[in-house]
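K.L.:
Structure: final_2.cif, mmCIF, C-alpha atoms.
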```cif
data_structure
#
loop_
_atom_site.label_atom_id
_atom_site.label_comp_id
_atom_site.auth_asym_id
_atom_site.auth_seq_id
_atom_site.Cartn_x
_atom_site.Cartn_y
_atom_site.Cartn_z
CA MET A 1 16.37 49.80 20.11
CA LEU A 2 17.18 49.41 23.81
CA ILE A 3 14.73 47.15 25.68
CA ASN A 4 15.43 46.46 29.36
CA SER A 5 19.10 47.42 28.88
CA LYS A 6 19.50 45.09 25.91
CA ASN A 7 20.04 46.31 22.36
CA PHE A 8 17.87 44.97 19.52
CA ILE A 9 17.82 45.71 15.79
CA GLN A 10 14.90 45.42 13.37
CA ILE A 11 14.60 42.38 11.10
CA ASP A 12 11.22 43.02 9.50
CA THR A 13 7.73 44.42 10.07
CA LYS A 14 4.22 43.02 9.73
CA ASP A 15 2.34 45.99 8.25
CA LYS A 16 -1.22 45.80 9.49
CA ILE A 17 -3.47 43.48 11.47
CA THR A 18 -6.99 44.84 11.74
CA ILE A 19 -8.64 44.93 15.14
CA ALA A 20 -11.97 43.29 14.37
CA ASP A 21 -15.20 43.73 16.32
CA SER A 22 -15.00 40.08 17.37
CA PHE A 23 -11.68 40.69 19.14
CA VAL A 24 -12.38 43.75 21.32
CA VAL A 25 -13.89 43.60 24.81
CA LYS A 26 -17.67 43.83 25.18
CA SER A 27 -17.73 47.53 26.13
CA ASN A 28 -16.11 48.47 22.80
CA LYS A 29 -18.19 46.32 20.49
CA LEU A 30 -20.36 47.39 17.58
CA GLY A 31 -22.11 44.04 17.27
CA SER A 32 -23.33 41.35 19.63
CA GLY A 33 -21.28 38.77 21.50
CA ASN A 34 -18.70 38.89 24.26
CA GLY A 35 -15.59 39.06 22.11
CA GLU A 36 -12.83 36.52 21.62
CA GLY A 37 -9.29 36.50 22.92
CA LYS A 38 -7.85 35.05 19.74
CA LEU A 39 -6.59 37.38 17.01
CA TYR A 40 -6.45 36.52 13.31
CA ILE A 41 -2.97 37.32 11.95
CA GLY A 42 -3.14 35.96 8.40
CA ASN A 43 -3.33 32.83 6.30
CA GLU A 44 -0.93 29.91 6.40
CA GLY A 45 2.07 30.36 4.12
CA GLU A 46 5.80 30.90 3.78
CA VAL A 47 5.65 34.65 4.46
CA LEU A 48 3.74 34.15 7.71
CA ARG A 49 6.05 31.36 8.89
CA ASN A 50 9.19 33.32 8.08
CA PHE A 51 7.93 36.14 10.26
CA TYR A 52 6.44 34.28 13.24
CA GLY A 53 8.03 30.83 13.19
CA PRO A 54 6.99 27.20 12.62
CA LYS A 55 3.55 25.86 13.49
CA GLY A 56 2.89 26.02 17.22
CA PHE A 57 5.11 29.07 17.75
CA LYS A 58 5.31 30.89 21.06
CA ILE A 59 6.79 34.39 20.76
CA LYS A 60 7.93 37.03 23.25
CA CYS A 61 6.33 40.45 22.74
CA PHE A 62 6.17 43.87 24.34
CA LEU A 63 4.15 47.07 24.33
CA LEU A 64 5.42 50.50 25.34
CA LYS A 65 3.49 52.65 27.79
CA GLN A 66 4.21 55.80 25.75
CA ASP A 67 2.71 54.15 22.66
CA LEU A 68 -0.47 53.18 24.52
CA LEU A 69 -0.90 56.74 25.79
CA LYS A 70 -0.44 58.19 22.31
CA PHE A 71 -2.81 55.66 20.76
CA LEU A 72 -5.52 56.36 23.32
CA ASN A 73 -5.08 60.10 22.81
CA ASP A 74 -5.39 59.62 19.03
CA LEU A 75 -8.69 57.83 19.67
CA LYS A 76 -9.90 60.38 22.24
CA ALA A 77 -12.27 62.18 19.88
CA GLU A 78 -14.07 58.93 19.05
CA TYR A 79 -14.26 57.96 22.73
CA ILE A 80 -15.73 61.36 23.67
CA PHE A 81 -17.82 61.96 20.53
CA PRO A 82 -18.45 58.45 19.13
CA GLN A 83 -19.52 58.36 15.48
CA LEU A 84 -19.95 54.60 15.09
CA PRO A 85 -22.93 52.70 16.59
CA TYR A 86 -21.26 51.06 19.59
CA LYS A 87 -23.47 48.89 21.78
CA LYS A 88 -22.40 50.84 24.88
CA LYS A 89 -21.83 54.21 23.27
CA GLU A 90 -22.80 56.13 26.39
CA ASP A 91 -20.00 54.48 28.42
CA LEU A 92 -17.11 55.44 26.14
CA PRO A 93 -16.34 58.91 27.61
CA SER A 94 -15.94 57.53 31.13
CA LEU A 95 -14.00 54.54 29.80
CA PHE A 96 -11.53 56.90 28.16
CA SER A 97 -10.81 58.52 31.51
CA SER A 98 -10.48 55.26 33.46
CA ARG A 99 -8.30 53.63 30.79
CA SER A 100 -6.06 56.67 30.57
CA ASN A 101 -5.53 56.55 34.33
CA LYS A 102 -4.85 52.82 34.16
CA ILE A 103 -2.16 53.24 31.51
CA GLN A 104 -0.52 56.04 33.49
CA SER A 105 0.12 53.58 36.32
CA LEU A 106 1.87 51.01 34.10
CA PRO A 107 5.62 50.36 33.80
CA GLU A 108 7.37 51.72 30.72
CA VAL A 109 7.67 48.28 29.05
CA LEU A 110 4.90 45.67 29.15
CA GLU A 111 6.17 42.19 28.26
CA PHE A 112 4.10 39.11 27.49
CA SER A 113 4.11 36.00 25.31
CA ILE A 114 1.75 34.95 22.53
CA ASP A 115 0.85 31.41 21.42
CA GLU A 116 -0.35 30.18 18.05
CA GLN A 117 -3.78 28.57 18.37
CA VAL A 118 -2.94 25.21 16.80
CA GLN A 119 -6.31 23.72 17.82
CA ILE A 120 -7.95 25.80 15.09
CA GLN A 121 -7.87 24.01 11.76
CA GLY A 122 -7.72 25.64 8.35
CA PRO A 123 -5.65 28.21 6.51
CA ARG A 124 -6.45 31.04 8.94
CA VAL A 125 -3.84 31.47 11.70
CA TYR A 126 -4.77 32.85 15.13
CA ILE A 127 -2.85 33.87 18.24
CA ASN A 128 -3.88 34.25 21.88
CA SER A 129 -2.38 34.81 25.32
CA LYS A 130 -3.41 34.46 28.95
CA ASP A 131 -1.11 37.29 29.98
CA LYS A 132 -2.88 40.39 31.37
CA ASN A 133 -0.71 42.73 29.27
CA TYR A 134 -2.09 41.10 26.10
CA GLN A 135 -5.53 42.30 27.13
CA PHE A 136 -4.60 45.90 26.34
CA LEU A 137 -4.81 44.89 22.68
CA ARG A 138 -8.49 44.11 23.27
CA GLU A 139 -9.41 46.71 25.86
CA ILE A 140 -8.16 50.00 24.39
CA PRO A 141 -8.82 49.77 20.60
CA LEU A 142 -12.14 50.58 18.99
CA PRO A 143 -13.09 48.27 16.09
CA ASP A 144 -12.79 49.42 12.47
CA LEU A 145 -10.62 52.36 13.59
CA SER A 146 -7.66 50.45 15.02
CA TYR A 147 -4.96 48.08 13.90
CA ILE A 148 -1.68 46.69 15.17
CA SER A 149 1.70 46.27 13.53
CA LEU A 150 4.51 44.03 14.73
CA MET A 151 8.23 44.71 14.41
CA LYS A 152 10.50 41.67 14.64
CA LEU A 153 13.70 42.49 16.55
CA ILE A 154 16.86 40.52 17.21
CA ALA A 155 19.67 40.97 19.76
CA ASN A 156 23.38 40.20 19.27
CA ASP A 157 22.93 36.93 21.13
CA GLY A 158 20.16 35.84 18.75
CA GLU A 159 17.22 36.51 21.06
CA ILE A 160 14.12 37.49 19.08
CA ILE A 161 11.34 39.67 20.43
CA TYR A 162 8.32 41.33 18.81
CA TYR A 163 7.50 45.00 19.33
CA ILE A 164 3.73 45.50 19.02
CA LYS A 165 2.26 48.93 18.38
CA LEU A 166 -1.36 50.09 18.09
CA PHE A 167 -2.38 52.60 15.42
CA THR A 168 -5.51 54.57 14.60
CA ASP A 169 -6.88 54.90 11.08
CA PHE A 170 -9.92 57.14 10.58
CA LYS A 171 -9.62 57.16 6.80
CA ASP A 172 -11.26 53.81 6.08
CA SER A 173 -14.37 54.64 8.10
CA PHE A 174 -14.61 58.41 7.76
CA GLY A 175 -12.65 59.22 4.60
CA VAL A 176 -10.39 61.71 6.43
CA THR A 177 -7.34 61.41 8.67
CA SER A 178 -8.81 63.75 11.30
CA HIS A 179 -11.80 62.72 13.37
CA PRO A 180 -15.14 64.07 12.01
CA SER A 181 -15.90 65.86 15.29
CA THR A 182 -12.61 67.77 15.01
CA VAL A 183 -13.43 68.82 11.44
CA GLN A 184 -16.99 69.78 12.41
CA LYS A 185 -15.73 71.87 15.32
CA GLU A 186 -13.29 73.73 13.08
CA GLU A 187 -15.94 74.38 10.45
CA ALA A 188 -18.34 75.68 13.12
CA LEU A 189 -15.69 78.04 14.52
CA LEU A 190 -14.96 79.22 11.01
CA GLU A 191 -18.63 79.97 10.35
CA GLN A 192 -18.91 81.90 13.63
CA ASN A 193 -15.87 84.07 12.88
CA ILE A 194 -17.40 87.47 12.04
CA SER A 195 -14.02 88.94 11.08
CA LEU A 196 -13.82 86.75 7.96
CA SER A 197 -15.67 87.44 4.73
CA LYS A 198 -17.93 84.85 3.12
CA GLU A 199 -15.37 84.41 0.34
CA VAL A 200 -12.53 83.68 2.79
CA LYS A 201 -14.74 81.20 4.64
CA LEU A 202 -15.64 79.50 1.38
CA GLN A 203 -12.01 79.25 0.28
CA THR A 204 -11.01 77.92 3.71
CA VAL A 205 -13.64 75.17 3.52
CA LYS A 206 -12.53 74.29 -0.01
CA ALA A 207 -8.91 74.17 1.13
CA ARG A 208 -9.74 71.28 3.48
CA ILE A 209 -10.37 69.02 0.49
CA GLY A 210 -7.57 70.56 -1.57
CA GLN A 211 -9.76 72.66 -3.84
CA GLY A 212 -10.36 76.30 -4.70
CA LYS A 213 -7.79 79.05 -4.37
CA TYR A 214 -5.59 76.86 -2.16
CA ARG A 215 -5.18 74.26 -4.88
CA LYS A 216 -4.62 76.89 -7.58
CA GLN A 217 -1.86 78.64 -5.60
CA LEU A 218 -0.26 75.34 -4.64
CA LEU A 219 -0.22 74.22 -8.27
CA GLU A 220 1.59 77.44 -9.18
CA GLN A 221 4.30 76.58 -6.64
CA CYS A 222 4.28 72.79 -7.19
CA PRO A 223 3.09 72.01 -10.74
CA PHE A 224 4.03 68.33 -10.39
CA CYS A 225 4.51 65.61 -7.79
CA PRO A 226 8.12 65.97 -6.62
CA VAL A 227 8.41 62.26 -5.88
CA THR A 228 6.94 60.73 -9.06
CA LEU A 229 7.35 63.82 -11.30
CA VAL A 230 3.78 63.29 -12.62
CA SER A 231 2.43 66.65 -13.87
CA ASP A 232 -1.08 65.67 -15.01
CA GLU A 233 -3.29 67.88 -12.80
CA ARG A 234 -6.04 65.25 -12.85
CA LEU A 235 -3.75 62.91 -10.93
CA LEU A 236 -2.48 65.42 -8.37
CA ILE A 237 -3.85 65.94 -4.87
CA ALA A 238 -3.31 69.16 -2.93
CA SER A 239 -2.14 67.65 0.36
CA HIS A 240 -1.77 69.62 3.61
CA ILE A 241 1.48 69.07 5.53
CA LYS A 242 0.02 70.14 8.88
CA PRO A 243 -3.55 68.81 8.79
CA TRP A 244 -6.31 71.33 8.09
CA ALA A 245 -8.23 70.44 11.25
CA VAL A 246 -5.32 71.34 13.57
CA SER A 247 -4.10 74.39 11.62
CA ASN A 248 -4.92 78.01 12.43
CA GLN A 249 -6.78 80.19 9.95
CA ASN A 250 -3.66 81.30 8.07
CA GLU A 251 -2.19 77.79 7.99
CA LYS A 252 -5.41 76.32 6.59
CA ILE A 253 -5.13 78.33 3.36
CA ASP A 254 -1.35 78.79 3.18
CA PRO A 255 -0.04 77.07 0.01
CA LYS A 256 3.30 76.67 1.82
CA ASN A 257 1.43 74.21 4.05
CA GLY A 258 1.10 71.75 1.21
CA PHE A 259 2.52 69.62 -1.57
CA MET A 260 1.05 68.32 -4.80
CA PHE A 261 1.26 64.52 -4.70
CA THR A 262 -0.02 61.63 -6.77
CA PRO A 263 -2.62 59.54 -4.85
CA THR A 264 -0.31 56.84 -3.46
CA ILE A 265 2.32 59.33 -2.30
CA ASP A 266 -0.44 61.52 -0.85
CA TYR A 267 -1.82 58.58 1.15
CA LEU A 268 1.62 57.61 2.43
CA PHE A 269 2.38 61.18 3.48
CA ASP A 270 -1.08 61.91 4.90
CA SER A 271 -1.00 58.69 6.94
CA GLY A 272 2.52 59.29 8.24
CA PHE A 273 4.29 56.46 6.44
CA ILE A 274 6.68 58.89 4.77
CA SER A 275 7.95 62.34 5.65
CA PHE A 276 10.85 64.59 4.65
CA GLU A 277 13.84 66.22 6.27
CA ASP A 278 14.65 69.86 5.56
CA ASN A 279 17.55 68.61 3.39
CA LYS A 280 14.96 66.91 1.09
CA LYS A 281 15.73 63.36 2.28
CA MET A 282 12.72 61.04 2.41
CA LEU A 283 11.93 59.37 5.73
CA VAL A 284 10.22 55.98 5.51
CA SER A 285 8.37 54.61 8.51
CA PRO A 286 9.88 51.49 10.09
CA TRP A 287 6.26 50.30 10.42
CA LEU A 288 6.19 49.47 6.71
CA SER A 289 7.49 46.01 5.85
CA LYS A 290 10.47 45.55 3.56
CA PRO A 291 8.35 43.94 0.79
CA THR A 292 5.88 46.85 0.94
CA ILE A 293 8.67 49.43 0.73
CA SER A 294 10.18 47.57 -2.22
CA ARG A 295 6.87 47.31 -4.08
CA LEU A 296 6.17 51.01 -3.54
CA ASN A 297 9.61 51.79 -4.94
CA ILE A 298 10.40 54.26 -2.16
CA LYS A 299 13.85 54.51 -0.62
CA PRO A 300 14.71 55.71 2.91
CA LEU A 301 16.91 58.82 2.89
CA LYS A 302 16.62 59.25 -0.88
CA VAL A 303 17.05 62.92 -1.78
CA ILE A 304 13.91 64.24 -3.53
CA ASP A 305 15.60 66.93 -5.61
CA HIS A 306 12.41 68.66 -6.74
CA LEU A 307 10.80 68.85 -3.30
CA PRO A 308 10.00 72.52 -2.58
CA ILE A 309 11.25 73.06 0.98
CA PHE A 310 11.60 76.84 1.36
CA GLY A 311 8.81 78.22 3.56
CA ARG A 312 7.62 74.74 4.50
CA GLU A 313 10.17 73.98 7.22
CA LYS A 314 7.86 74.65 10.19
CA TYR A 315 5.10 72.54 8.67
CA LEU A 316 7.48 69.67 7.93
CA GLN A 317 8.75 69.81 11.50
CA TYR A 318 5.16 69.37 12.71
CA HIS A 319 4.67 66.49 10.30
CA ARG A 320 7.82 64.68 11.45
CA GLU A 321 6.98 65.16 15.12
CA SER A 322 3.21 64.57 15.10
CA ILE A 323 2.22 62.65 11.96
CA PHE A 324 5.18 60.47 10.93
CA LYS A 325 4.98 56.91 12.28
CA ASN A 326 8.42 56.51 13.82
#
```
Please express the file's structure as structure tokens.
P.N.:
Amino acid sequence: MLINSKNFIQIDTKDKITIADSFVVKSNKLGSGNGEGKLYIGNEGEVLRNFYGPKGFKIKCFLLKQDLLKFLNDLKAEYIFPQLPYKKKEDLPSLFSSRSNKIQSLPEVLEFSIDEQVQIQGPRVYINSKDKNYQFLREIPLPDLSYISLMKLIANDGEIIYYIKLFTDFKDSFGVTSHPSTVQKEEALLEQNISLSKEVKLQTVKARIGQGKYRKQLLEQCPFCPVTLVSDERLLIASHIKPWAVSNQNEKIDPKNGFMFTPTIDYLFDSGFISFEDNKKMLVSPWLSKPTISRLNIKPLKVIDHLPIFGREKYLQYHRESIFKN
């Protein structure tokens, strides 16, 4: 990775640090209080120290403007049609616009430093910073729907820097990867479509949750999970490649727009932590840590021989470009 004309390579990744309600700025909060600048990053231990450094560490970090724009766009539906009970819910639509404009005016790379909060006793480790660029980690995310990951990078001369990226996760709060307002809008449009029969509408709705005719046809094409080779239908999920909520009518019910996966593989694929090339090689997100990848027993660029590719190329291209966390 080239940062300010200097080349860095990845050492490791810290998978997920939840953006808590206590951390975000007041305008984004669900509960009371003004918010705190310090961020909890984990409990004291060897793993934490190997990643961040010895007690009292001060680390150099950066955000990318393009990442902030994508993150804010991913959260747009919640800003415009908030589902959670924010204290200043009515302000979120205008805040989306002003924050989007603010990010547009930023440089491409936003650098800052972070300090461990050694004054806090106990096993819980916190970080904070007085740098204005750090405040984007508090200002843009919405609690319970946002998290950050850190990628530890090193240059040839030994310089270490941390790449911080914000991510959105609707699944924990809403049970789906697409925002509820997007799903509701698609279901309303479907119901209003007078050219479709009741049966087609019913099968389209069932396809969203991987049931009905969609699941039956997909099982005929993919009778087992191509990654784990599990064939017990009770353990297989009919997963869309291009999400149902952003697919057109034909794509919503097209069995070529899907795979049968076991639950863990389905979650990884649905969340963008894995994807596939047209040559059947598995792509693994660099935003998964090495220990996590090892424990999941997944291998970057491993050829998945039984992966049914034919007819799914356009959907996989969408997944690599729009869903995969690269």
K.L.:
Any idea what the distance is between atom CA of Lys242 of chain A and atom CA of Thr292 of chain A?
P.N.:
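Going from atom CA of Lys242 of chain A over to atom CA of Thr292 of chain A, I get 25.3 Å.
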K.L.:
Once you count only C-alpha atoms, which residues end up no further than 10 Å from (10.1, 57.4, -4.2) in the file's frame, shown as a ChimeraX atom specification?
P.N.:
/A:226-229,265,274,282,284,293,296-304
K.L.:
What are the closest atom pairs, with distances in Å to one decimal, for each residue of segment 158-252 of chain A lying within 12 Å of segment 76-95 of chain A, using only C-alpha atoms, rows by chain and rising residue number, as CSV?
P.N.:
```
residue,atom,partner,partner_atom,distance
A:Thr168,CA,A:Lys76,CA,10.6
A:Asp169,CA,A:Glu78,CA,11.5
A:Phe170,CA,A:Glu78,CA,9.6
A:Ser173,CA,A:Leu84,CA,8.9
A:Phe174,CA,A:Gln83,CA,9.1
A:Ser178,CA,A:Ala77,CA,9.4
A:His179,CA,A:Ala77,CA,6.5
A:Pro180,CA,A:Gln83,CA,8.0
A:Ser181,CA,A:Phe81,CA,6.8
A:Thr182,CA,A:Ala77,CA,7.4
A:Val183,CA,A:Ala77,CA,10.8
A:Gln184,CA,A:Phe81,CA,11.3
A:Lys185,CA,A:Ala77,CA,11.3
```
K.L.:
Check which residues satisfy the PyMOL selection byres ((chain A and resi 259) around 10) in the file shown, then give them as a ChimeraX atom specification.
P.N.:
/A:215,218-219,221-226,236-241,255-258,260-262,266,269,307-309,312
K.L.:
Evaluated on this file, the PyMOL selection byres ((chain A and resi 166) around 9) picks out some residues - which ones are they, written as a PDB file with C-alpha atoms, keeping the file's coordinate frame?
P.N.:
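Result file follows (result_3.pdb):
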```pdb
ATOM      1  CA  LEU A  63       4.150  47.070  24.330  1.00  0.00           C
ATOM      2  CA  ASP A  67       2.710  54.150  22.660  1.00  0.00           C
ATOM      3  CA  LEU A  68      -0.470  53.180  24.520  1.00  0.00           C
ATOM      4  CA  PHE A  71      -2.810  55.660  20.760  1.00  0.00           C
ATOM      5  CA  LEU A 137      -4.810  44.890  22.680  1.00  0.00           C
ATOM      6  CA  PRO A 141      -8.820  49.770  20.600  1.00  0.00           C
ATOM      7  CA  SER A 146      -7.660  50.450  15.020  1.00  0.00           C
ATOM      8  CA  TYR A 147      -4.960  48.080  13.900  1.00  0.00           C
ATOM      9  CA  ILE A 148      -1.680  46.690  15.170  1.00  0.00           C
ATOM     10  CA  SER A 149       1.700  46.270  13.530  1.00  0.00           C
ATOM     11  CA  ILE A 164       3.730  45.500  19.020  1.00  0.00           C
ATOM     12  CA  LYS A 165       2.260  48.930  18.380  1.00  0.00           C
ATOM     13  CA  PHE A 167      -2.380  52.600  15.420  1.00  0.00           C
ATOM     14  CA  THR A 168      -5.510  54.570  14.600  1.00  0.00           C
TER      15      THR A 168
END
```
